[in-house]
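Undergrad: Please find one structure pasted underneath; my questions will follow.
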Amino acid sequence: MKTGIIILAAGESTRLGYPKQIAKYKEKTLLQLAIDAANDAKVDKRVLVLGANRDEIKKTFSGASIPNIPNPHFEKGMSSSLKIGLEYMLKLDKPDQVIVMLCDQPFVDAKILNKLIATQKKEGKGIVACAYSKTVGVPILFGSTYFKELMALTGDEGAKGIAMAHEDDMVTVAFPKGKVDIDTEEDLRDLNL
């Protein structure tokens, strides 16, 4: 099974007031932590989707470290970045499944990404989601059966709706630290305590 990873990092970080992609945790930017996790995971393809503040963000990581593409329509919401990332994956080397991840979950590492892949292999389900805070969410793995539905998302609609609509074909992986994401200065302060 060929696996791809799409890192969504195109948002404007309006609540934080500056690009969350460059906010720091343990001497690394949140984006660098996401890139490291993706690069260390056992996957075949990776892509990073950038949008708002792209030029500023690109200065904070080695462009050679991960393929990165722009989303000129980032203001249309998360779904536009997901579609651009998936289009990129499908043009190159069709993966059998993709993992969608964000750049604002500092505790996502290669271990949890590899666990999604291993769980899919063991359980044979089309969707493998992380479970935290009594819900499911990213990082989340989708088999190719769901690529068409992912491409049909609009606005700020994330992939979670698709997962919830197909609970019979979904299995979860416990990831309590998945609930930690950075949206505000307070979140960042709490994280760095």
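Convention: chains lettered A, B, ... in structure tokens order; per-chain residue numbering from 1; ligands numbered from 1 as shown.
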Neighbouring residues of A:Ile7 were defined as those with any atom within 7 Å, considering only C-alpha atoms; residues of the same chain fewer than 6 positions away were excluded. Please report them as a list in words.
TA: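 These residues fall inside the cut-off: Val47, Leu48, Val49, Val100, Met101, Leu102 and Cys103 of chain A.
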Undergrad: Find the residues around stretch 138-151 of chain A up to 7 Å (only C-alpha atoms counted), leave out those fewer than 5 positions away in its own chain, and share them as a list in words.
TA: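 My reading of the contact set: Lys83, Asp96, Gln97, Val98, Ile99, Val100, Met101, Leu116, Gly126, Ile127, Val128, Ala129, Cys130 and Ala159 of chain A.
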Undergrad: May I have the selected residues written with C-alpha atoms, as a short mmCIF file (atom, residue, chain, number, x, y, z; two decimals), in the first residue's frame?
TA:
```cif
data_model
loop_
_atom_site.label_atom_id
_atom_site.label_comp_id
_atom_site.auth_asym_id
_atom_site.auth_seq_id
_atom_site.Cartn_x
_atom_site.Cartn_y
_atom_site.Cartn_z
CA LYS A 83 -8.03 19.38 -2.53
CA ASP A 96 -3.58 3.91 -2.10
CA GLN A 97 -4.25 6.02 0.98
CA VAL A 98 -3.43 9.46 2.36
CA ILE A 99 -2.95 10.83 5.84
CA VAL A 100 -4.25 14.34 6.38
CA MET A 101 -2.48 16.28 9.11
CA LEU A 116 -2.45 4.89 11.61
CA GLY A 126 -10.97 2.61 4.76
CA ILE A 127 -10.63 5.30 7.42
CA VAL A 128 -8.34 5.39 10.44
CA ALA A 129 -8.87 8.42 12.70
CA CYS A 130 -7.22 9.61 15.88
CA ALA A 159 -12.46 15.62 6.47
#
```
Undergrad: Between A:Lys125, A:Pro106, A:Glu27, A:Thr60, which residue has the minimum interatomic distance to A:His166, considering only C-alpha atoms?
TA: A:Lys125
Undergrad: Between atom CA of A:Thr154 and atom CA of A:Ala52, what is the distance, to one decimal in Å?
TA: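 Rounded to one decimal, the two atoms are 18.2 Å apart.
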Undergrad: For atom CA of A:Thr119 and atom CA of A:Thr29, quote the distance in Å rounded to one decimal.
TA: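 One can read the atom CA of A:Thr119 to atom CA of A:Thr29 distance as 28.8 Å.
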Undergrad: Could you name the residues that touch stretch 179-183 of chain A at 8 Å or less, counting only C-alpha atoms, but leaving out those on the same chain fewer than 5 positions away, as a ChimeraX atom specification?
TA: /A:13,15-16,20,104-107,132-133,188
Undergrad: Generate the output file for the selected residues, C-alpha atoms, as a PDB file, in the first residue's frame.
TA:
```pdb
ATOM      1  CA  SER A  13      -3.976  32.139  12.058  1.00  0.00           C
ATOM      2  CA  ARG A  15      -6.857  34.160  16.394  1.00  0.00           C
ATOM      3  CA  LEU A  16      -3.124  33.980  17.090  1.00  0.00           C
ATOM      4  CA  LYS A  20       1.013  29.719  13.849  1.00  0.00           C
ATOM      5  CA  ASP A 104      -0.799  23.035  14.778  1.00  0.00           C
ATOM      6  CA  GLN A 105      -0.763  19.757  16.729  1.00  0.00           C
ATOM      7  CA  PRO A 106       2.682  19.756  18.377  1.00  0.00           C
ATOM      8  CA  PHE A 107       2.436  16.200  19.699  1.00  0.00           C
ATOM      9  CA  TYR A 132      -9.285  12.304  21.578  1.00  0.00           C
ATOM     10  CA  SER A 133     -11.598  14.467  23.691  1.00  0.00           C
ATOM     11  CA  LEU A 188       0.975  28.553  23.043  1.00  0.00           C
TER      12      LEU A 188
END
```
Undergrad: Pull the helix (DSSP H, G or I) assignments for stretch 35-145 of chain A out of DSSP run on the backbone, and list those residues as an MDAnalysis selection string.
TA: chainID A and resid 35:40 54:58 63:65 74:76 78:92 110:123 144:145
Undergrad: For the selection you just gave me, I'd like the residues written to a file as a short mmCIF file (atom, residue, chain, number, x, y, z; two decimals), in the first residue's frame, keeping N, CA and C atoms.
TA:
```
data_model
loop_
_atom_site.label_atom_id
_atom_site.label_comp_id
_atom_site.auth_asym_id
_atom_site.auth_seq_id
_atom_site.Cartn_x
_atom_site.Cartn_y
_atom_site.Cartn_z
N ILE A 35 6.68 18.75 9.76
CA ILE A 35 7.53 18.27 8.65
C ILE A 35 8.39 17.09 9.13
N ASP A 36 8.97 17.23 10.33
CA ASP A 36 9.81 16.15 10.87
C ASP A 36 8.99 14.87 11.05
N ALA A 37 7.77 15.01 11.57
CA ALA A 37 6.91 13.84 11.77
C ALA A 37 6.62 13.16 10.43
N ALA A 38 6.27 13.96 9.43
CA ALA A 38 5.95 13.41 8.10
C ALA A 38 7.18 12.75 7.47
N ASN A 39 8.34 13.40 7.60
CA ASN A 39 9.56 12.86 7.00
C ASN A 39 10.04 11.59 7.69
N ASP A 40 9.75 11.46 8.98
CA ASP A 40 10.19 10.28 9.73
C ASP A 40 9.20 9.11 9.62
N ARG A 54 2.90 32.85 3.04
CA ARG A 54 3.74 31.79 2.47
C ARG A 54 5.23 32.15 2.44
N ASP A 55 5.54 33.36 1.95
CA ASP A 55 6.95 33.74 1.81
C ASP A 55 7.65 33.80 3.17
N GLU A 56 6.96 34.35 4.15
CA GLU A 56 7.52 34.44 5.51
C GLU A 56 7.75 33.04 6.08
N ILE A 57 6.78 32.16 5.88
CA ILE A 57 6.86 30.80 6.43
C ILE A 57 7.96 29.99 5.74
N LYS A 58 8.10 30.17 4.42
CA LYS A 58 9.10 29.39 3.65
C LYS A 58 10.52 29.67 4.12
N GLY A 63 13.41 24.32 1.99
CA GLY A 63 12.46 23.95 0.94
C GLY A 63 12.71 22.55 0.40
N ALA A 64 13.98 22.12 0.50
CA ALA A 64 14.34 20.79 0.00
C ALA A 64 13.87 19.69 0.95
N SER A 65 13.48 20.07 2.17
CA SER A 65 13.13 19.05 3.17
C SER A 65 11.78 18.38 2.88
N PHE A 74 -6.46 29.96 -0.44
CA PHE A 74 -6.51 29.53 0.96
C PHE A 74 -7.66 30.17 1.74
N GLU A 75 -8.07 31.37 1.32
CA GLU A 75 -9.15 32.05 2.06
C GLU A 75 -10.49 31.34 1.86
N LYS A 76 -10.54 30.40 0.94
CA LYS A 76 -11.78 29.63 0.73
C LYS A 76 -11.92 28.50 1.75
N MET A 78 -10.23 25.38 4.61
CA MET A 78 -9.37 24.20 4.70
C MET A 78 -9.58 23.22 3.54
N SER A 79 -10.81 23.10 3.09
CA SER A 79 -11.10 22.12 2.02
C SER A 79 -10.30 22.44 0.76
N SER A 80 -10.07 23.73 0.47
CA SER A 80 -9.33 24.10 -0.74
C SER A 80 -7.89 23.60 -0.65
N SER A 81 -7.30 23.65 0.54
CA SER A 81 -5.93 23.16 0.72
C SER A 81 -5.87 21.64 0.61
N LEU A 82 -6.86 20.99 1.18
CA LEU A 82 -6.92 19.53 1.12
C LEU A 82 -7.01 19.07 -0.34
N LYS A 83 -7.86 19.76 -1.12
CA LYS A 83 -8.03 19.38 -2.53
C LYS A 83 -6.74 19.59 -3.32
N ILE A 84 -6.06 20.71 -3.08
CA ILE A 84 -4.82 20.99 -3.80
C ILE A 84 -3.75 19.95 -3.45
N GLY A 85 -3.68 19.58 -2.17
CA GLY A 85 -2.73 18.56 -1.74
C GLY A 85 -3.02 17.21 -2.35
N LEU A 86 -4.30 16.86 -2.39
CA LEU A 86 -4.70 15.56 -2.94
C LEU A 86 -4.49 15.53 -4.46
N GLU A 87 -4.80 16.63 -5.13
CA GLU A 87 -4.55 16.72 -6.59
C GLU A 87 -3.07 16.48 -6.88
N TYR A 88 -2.22 17.11 -6.09
CA TYR A 88 -0.77 16.95 -6.24
C TYR A 88 -0.39 15.47 -6.10
N MET A 89 -0.91 14.83 -5.08
CA MET A 89 -0.62 13.41 -4.83
C MET A 89 -1.08 12.54 -6.00
N LEU A 90 -2.27 12.81 -6.50
CA LEU A 90 -2.86 11.96 -7.54
C LEU A 90 -2.16 12.15 -8.89
N LYS A 91 -1.63 13.35 -9.14
CA LYS A 91 -0.92 13.61 -10.39
C LYS A 91 0.36 12.80 -10.44
N LEU A 92 1.05 12.75 -9.32
CA LEU A 92 2.37 12.15 -9.30
C LEU A 92 2.34 10.64 -9.34
N ALA A 110 6.06 10.83 14.19
CA ALA A 110 6.08 9.71 13.24
C ALA A 110 5.42 8.47 13.85
N LYS A 111 5.54 8.32 15.16
CA LYS A 111 5.00 7.14 15.84
C LYS A 111 3.48 7.05 15.64
N ILE A 112 2.77 8.16 15.83
CA ILE A 112 1.31 8.13 15.68
C ILE A 112 0.94 7.97 14.19
N LEU A 113 1.71 8.58 13.30
CA LEU A 113 1.42 8.44 11.86
C LEU A 113 1.61 6.98 11.43
N ASN A 114 2.69 6.37 11.90
CA ASN A 114 2.94 4.95 11.57
C ASN A 114 1.88 4.05 12.17
N LYS A 115 1.34 4.46 13.33
CA LYS A 115 0.30 3.67 13.99
C LYS A 115 -0.98 3.68 13.15
N LEU A 116 -1.28 4.81 12.50
CA LEU A 116 -2.45 4.89 11.61
C LEU A 116 -2.30 3.87 10.48
N ILE A 117 -1.11 3.83 9.89
CA ILE A 117 -0.84 2.93 8.77
C ILE A 117 -0.92 1.47 9.22
N ALA A 118 -0.29 1.17 10.37
CA ALA A 118 -0.29 -0.21 10.89
C ALA A 118 -1.70 -0.66 11.24
N THR A 119 -2.50 0.26 11.79
CA THR A 119 -3.88 -0.08 12.15
C THR A 119 -4.71 -0.34 10.91
N GLN A 120 -4.49 0.43 9.87
CA GLN A 120 -5.22 0.19 8.61
C GLN A 120 -4.88 -1.19 8.07
N LYS A 121 -3.60 -1.52 8.09
CA LYS A 121 -3.14 -2.81 7.56
C LYS A 121 -3.77 -3.97 8.35
N LYS A 122 -3.83 -3.80 9.67
CA LYS A 122 -4.36 -4.84 10.55
C LYS A 122 -5.88 -4.96 10.44
N GLU A 123 -6.57 -3.82 10.44
CA GLU A 123 -8.03 -3.82 10.49
C GLU A 123 -8.71 -3.83 9.12
N SER A 144 -8.25 5.21 -0.80
CA SER A 144 -8.57 5.84 -2.09
C SER A 144 -10.08 5.87 -2.39
N THR A 145 -10.84 4.98 -1.77
CA THR A 145 -12.30 4.97 -1.93
C THR A 145 -12.90 6.33 -1.59
#
```
Undergrad: How far is it from atom CA of A:Ala174 to atom CA of A:Val136, in Å with one decimal?
TA: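 The value is 9.2 Å.
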Undergrad: From the options A:Leu8, A:Leu191, A:Leu33, A:Leu153, which residue's atoms come nearest to A:Lys177, counting only C-alpha atoms?
TA: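 Among the listed residues, the smallest separation from A:Lys177 belongs to A:Leu191.
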